[in-house]
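Read through the structure below, which is laid out as structure tokens, and then see the notes.
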Amino acid sequence: INPNYQGGGRSEYFSNNYYYGGAPASSLDCHSPNTEWQLLGVYRQEFYQFIEQISKHLWAIDDFEYVVALAGLAYMTDDDCYGVGYDNNGNYLYAGVKPTYQGKFEMGLYNDNSCISLSESDATF
């Protein structure tokens with residue numbers, strides 16, 4: 001959400017002046033590290049497709065951020081949750097994307113095949 005939204009609707013971001021080189025009243029810069037936008041949440045379902053699509057539309061193919069996104073996609077795989085092995089107690093572990101604070105994410109280890117219950121074992125991924 002934009003904490004500075006002034007109620008102008010679409011015209012707050014895209015005015016007639018914008019199309020002729022003018023600056024918008026507010027920026028759609030939610031992808032920028034310096035943004036004032038606040039992330040409400042992330043759907044983990046089909047997270048791979050989300051990252052794939054957002055990276056295609058934000059960055060050019062030779063941008064560093066795009067290359068990093070592709071590397072992350074290769075690491076994540078397109079499986080939402082998949083088995084990776086056993087912990088020290090013989091319990092089967094699953095890996096999946098783990099959304100974290102401020103819209104960031106990392107891979108997490110889980111006890112269940114839906115990747116809902118985080119594993120508290122000493123295993124790492």
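The chains in the structure tokens are called A, B, ... from first to last as shown; in each chain the residues are counted from 1, and the ligands are counted from 1 in the order shown.
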Can you tell me, as a list in words, what residues are no more than 8 Å from Gly83 (chain A) when counting only C-alpha atoms, ignoring any on the same chain fewer than 6 positions away? Tyr92, Leu93, Tyr94, Ala95 and Asn113 of chain A
Near-Asp122 (chain A) list (9 Å; only C-alpha atoms; drop same-chain fewer than 2 positions) as a VMD selection string: chain A and resid 87 to 88 119 to 120 124
Could those residues be written to a file, using N, CA and C atoms, as a PDB file, in the first residue's frame?
ATOM      1  N   ASP A  87      15.936 -35.382   8.958  1.00  0.00           N
ATOM      2  CA  ASP A  87      16.691 -34.711  10.014  1.00  0.00           C
ATOM      3  C   ASP A  87      17.417 -35.766  10.852  1.00  0.00           C
ATOM      4  N   ASN A  88      18.095 -35.352  11.921  1.00  0.00           N
ATOM      5  CA  ASN A  88      18.879 -36.273  12.754  1.00  0.00           C
ATOM      6  C   ASN A  88      18.016 -37.290  13.498  1.00  0.00           C
ATOM      7  N   SER A 119      10.254 -26.598  10.487  1.00  0.00           N
ATOM      8  CA  SER A 119      11.066 -27.547  11.214  1.00  0.00           C
ATOM      9  C   SER A 119      11.950 -26.807  12.216  1.00  0.00           C
ATOM     10  N   GLU A 120      12.071 -27.369  13.398  1.00  0.00           N
ATOM     11  CA  GLU A 120      12.961 -26.783  14.411  1.00  0.00           C
ATOM     12  C   GLU A 120      14.210 -27.636  14.587  1.00  0.00           C
ATOM     13  N   THR A 124      19.996 -27.943   7.875  1.00  0.00           N
ATOM     14  CA  THR A 124      20.037 -26.711   7.064  1.00  0.00           C
ATOM     15  C   THR A 124      19.785 -27.082   5.615  1.00  0.00           C
TER      16      THR A 124
END
Just the alpha helix (DSSP H) stuff from chain A, please, per backbone DSSP, written as an NGL selection string. :A and (16-19 or 47-58 or 64-76)
Expected file: the selected residues, N, CA and C atoms, as a PDB file, in the first residue's frame:
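Saved file again_33.pdb follows:
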ATOM      1  N   ASN A  16      -2.427  13.020 -17.565  1.00  0.00           N
ATOM      2  CA  ASN A  16      -2.149  13.354 -18.962  1.00  0.00           C
ATOM      3  C   ASN A  16      -0.743  13.907 -19.114  1.00  0.00           C
ATOM      4  N   ASN A  17      -0.279  14.660 -18.136  1.00  0.00           N
ATOM      5  CA  ASN A  17       1.086  15.198 -18.190  1.00  0.00           C
ATOM      6  C   ASN A  17       2.131  14.082 -18.179  1.00  0.00           C
ATOM      7  N   TYR A  18       1.836  12.986 -17.489  1.00  0.00           N
ATOM      8  CA  TYR A  18       2.769  11.865 -17.410  1.00  0.00           C
ATOM      9  C   TYR A  18       3.061  11.320 -18.799  1.00  0.00           C
ATOM     10  N   TYR A  19       2.039  11.188 -19.608  1.00  0.00           N
ATOM     11  CA  TYR A  19       2.216  10.627 -20.949  1.00  0.00           C
ATOM     12  C   TYR A  19       2.992  11.570 -21.876  1.00  0.00           C
ATOM     13  N   PHE A  47       4.470 -19.248  -5.765  1.00  0.00           N
ATOM     14  CA  PHE A  47       5.422 -18.161  -5.532  1.00  0.00           C
ATOM     15  C   PHE A  47       6.440 -18.080  -6.663  1.00  0.00           C
ATOM     16  N   TYR A  48       6.820 -19.223  -7.207  1.00  0.00           N
ATOM     17  CA  TYR A  48       7.762 -19.267  -8.321  1.00  0.00           C
ATOM     18  C   TYR A  48       7.244 -18.429  -9.489  1.00  0.00           C
ATOM     19  N   GLN A  49       5.955 -18.614  -9.837  1.00  0.00           N
ATOM     20  CA  GLN A  49       5.383 -17.868 -10.947  1.00  0.00           C
ATOM     21  C   GLN A  49       5.313 -16.378 -10.642  1.00  0.00           C
ATOM     22  N   PHE A  50       5.053 -16.038  -9.384  1.00  0.00           N
ATOM     23  CA  PHE A  50       5.023 -14.634  -8.983  1.00  0.00           C
ATOM     24  C   PHE A  50       6.387 -13.986  -9.227  1.00  0.00           C
ATOM     25  N   ILE A  51       7.451 -14.620  -8.737  1.00  0.00           N
ATOM     26  CA  ILE A  51       8.804 -14.071  -8.904  1.00  0.00           C
ATOM     27  C   ILE A  51       9.177 -14.023 -10.381  1.00  0.00           C
ATOM     28  N   GLU A  52       8.838 -15.062 -11.115  1.00  0.00           N
ATOM     29  CA  GLU A  52       9.147 -15.097 -12.541  1.00  0.00           C
ATOM     30  C   GLU A  52       8.476 -13.939 -13.279  1.00  0.00           C
ATOM     31  N   GLN A  53       7.195 -13.731 -13.042  1.00  0.00           N
ATOM     32  CA  GLN A  53       6.462 -12.677 -13.737  1.00  0.00           C
ATOM     33  C   GLN A  53       6.911 -11.284 -13.309  1.00  0.00           C
ATOM     34  N   ILE A  54       7.094 -11.082 -12.027  1.00  0.00           N
ATOM     35  CA  ILE A  54       7.475  -9.743 -11.553  1.00  0.00           C
ATOM     36  C   ILE A  54       8.864  -9.375 -12.062  1.00  0.00           C
ATOM     37  N   SER A  55       9.769 -10.356 -12.137  1.00  0.00           N
ATOM     38  CA  SER A  55      11.117 -10.060 -12.613  1.00  0.00           C
ATOM     39  C   SER A  55      11.125  -9.726 -14.104  1.00  0.00           C
ATOM     40  N   LYS A  56      10.260 -10.365 -14.867  1.00  0.00           N
ATOM     41  CA  LYS A  56      10.187 -10.082 -16.300  1.00  0.00           C
ATOM     42  C   LYS A  56       9.697  -8.667 -16.586  1.00  0.00           C
ATOM     43  N   HIS A  57       8.846  -8.147 -15.705  1.00  0.00           N
ATOM     44  CA  HIS A  57       8.231  -6.851 -15.964  1.00  0.00           C
ATOM     45  C   HIS A  57       8.943  -5.689 -15.292  1.00  0.00           C
ATOM     46  N   LEU A  58       9.836  -5.979 -14.357  1.00  0.00           N
ATOM     47  CA  LEU A  58      10.539  -4.894 -13.663  1.00  0.00           C
ATOM     48  C   LEU A  58      11.914  -4.591 -14.256  1.00  0.00           C
ATOM     49  N   PHE A  64      21.263  -6.478 -13.411  1.00  0.00           N
ATOM     50  CA  PHE A  64      21.766  -7.336 -12.343  1.00  0.00           C
ATOM     51  C   PHE A  64      20.615  -7.982 -11.574  1.00  0.00           C
ATOM     52  N   GLU A  65      19.572  -7.206 -11.279  1.00  0.00           N
ATOM     53  CA  GLU A  65      18.443  -7.713 -10.503  1.00  0.00           C
ATOM     54  C   GLU A  65      17.743  -8.875 -11.218  1.00  0.00           C
ATOM     55  N   TYR A  66      17.672  -8.789 -12.539  1.00  0.00           N
ATOM     56  CA  TYR A  66      17.041  -9.858 -13.312  1.00  0.00           C
ATOM     57  C   TYR A  66      17.872 -11.132 -13.231  1.00  0.00           C
ATOM     58  N   VAL A  67      19.177 -11.000 -13.334  1.00  0.00           N
ATOM     59  CA  VAL A  67      20.070 -12.154 -13.242  1.00  0.00           C
ATOM     60  C   VAL A  67      19.947 -12.800 -11.860  1.00  0.00           C
ATOM     61  N   VAL A  68      19.872 -11.986 -10.817  1.00  0.00           N
ATOM     62  CA  VAL A  68      19.714 -12.507  -9.457  1.00  0.00           C
ATOM     63  C   VAL A  68      18.373 -13.226  -9.318  1.00  0.00           C
ATOM     64  N   ALA A  69      17.321 -12.653  -9.888  1.00  0.00           N
ATOM     65  CA  ALA A  69      15.999 -13.287  -9.822  1.00  0.00           C
ATOM     66  C   ALA A  69      16.019 -14.645 -10.516  1.00  0.00           C
ATOM     67  N   LEU A  70      16.664 -14.743 -11.670  1.00  0.00           N
ATOM     68  CA  LEU A  70      16.745 -16.020 -12.378  1.00  0.00           C
ATOM     69  C   LEU A  70      17.525 -17.058 -11.577  1.00  0.00           C
ATOM     70  N   ALA A  71      18.587 -16.620 -10.923  1.00  0.00           N
ATOM     71  CA  ALA A  71      19.362 -17.544 -10.090  1.00  0.00           C
ATOM     72  C   ALA A  71      18.503 -18.044  -8.926  1.00  0.00           C
ATOM     73  N   GLY A  72      17.727 -17.161  -8.345  1.00  0.00           N
ATOM     74  CA  GLY A  72      16.829 -17.555  -7.267  1.00  0.00           C
ATOM     75  C   GLY A  72      15.776 -18.536  -7.737  1.00  0.00           C
ATOM     76  N   LEU A  73      15.254 -18.319  -8.931  1.00  0.00           N
ATOM     77  CA  LEU A  73      14.257 -19.233  -9.485  1.00  0.00           C
ATOM     78  C   LEU A  73      14.843 -20.621  -9.711  1.00  0.00           C
ATOM     79  N   ALA A  74      16.087 -20.685 -10.182  1.00  0.00           N
ATOM     80  CA  ALA A  74      16.733 -21.978 -10.402  1.00  0.00           C
ATOM     81  C   ALA A  74      16.907 -22.721  -9.078  1.00  0.00           C
ATOM     82  N   TYR A  75      17.178 -21.981  -8.018  1.00  0.00           N
ATOM     83  CA  TYR A  75      17.364 -22.570  -6.697  1.00  0.00           C
ATOM     84  C   TYR A  75      16.034 -23.015  -6.092  1.00  0.00           C
ATOM     85  N   MET A  76      14.987 -22.203  -6.285  1.00  0.00           N
ATOM     86  CA  MET A  76      13.677 -22.488  -5.695  1.00  0.00           C
ATOM     87  C   MET A  76      12.998 -23.680  -6.348  1.00  0.00           C
TER      88      MET A  76
END
Mind listing the strand (DSSP E) residues of chain A, per DSSP on the backbone, as a PyMOL selection string? chain A and resi 81-86+92-99+105-110
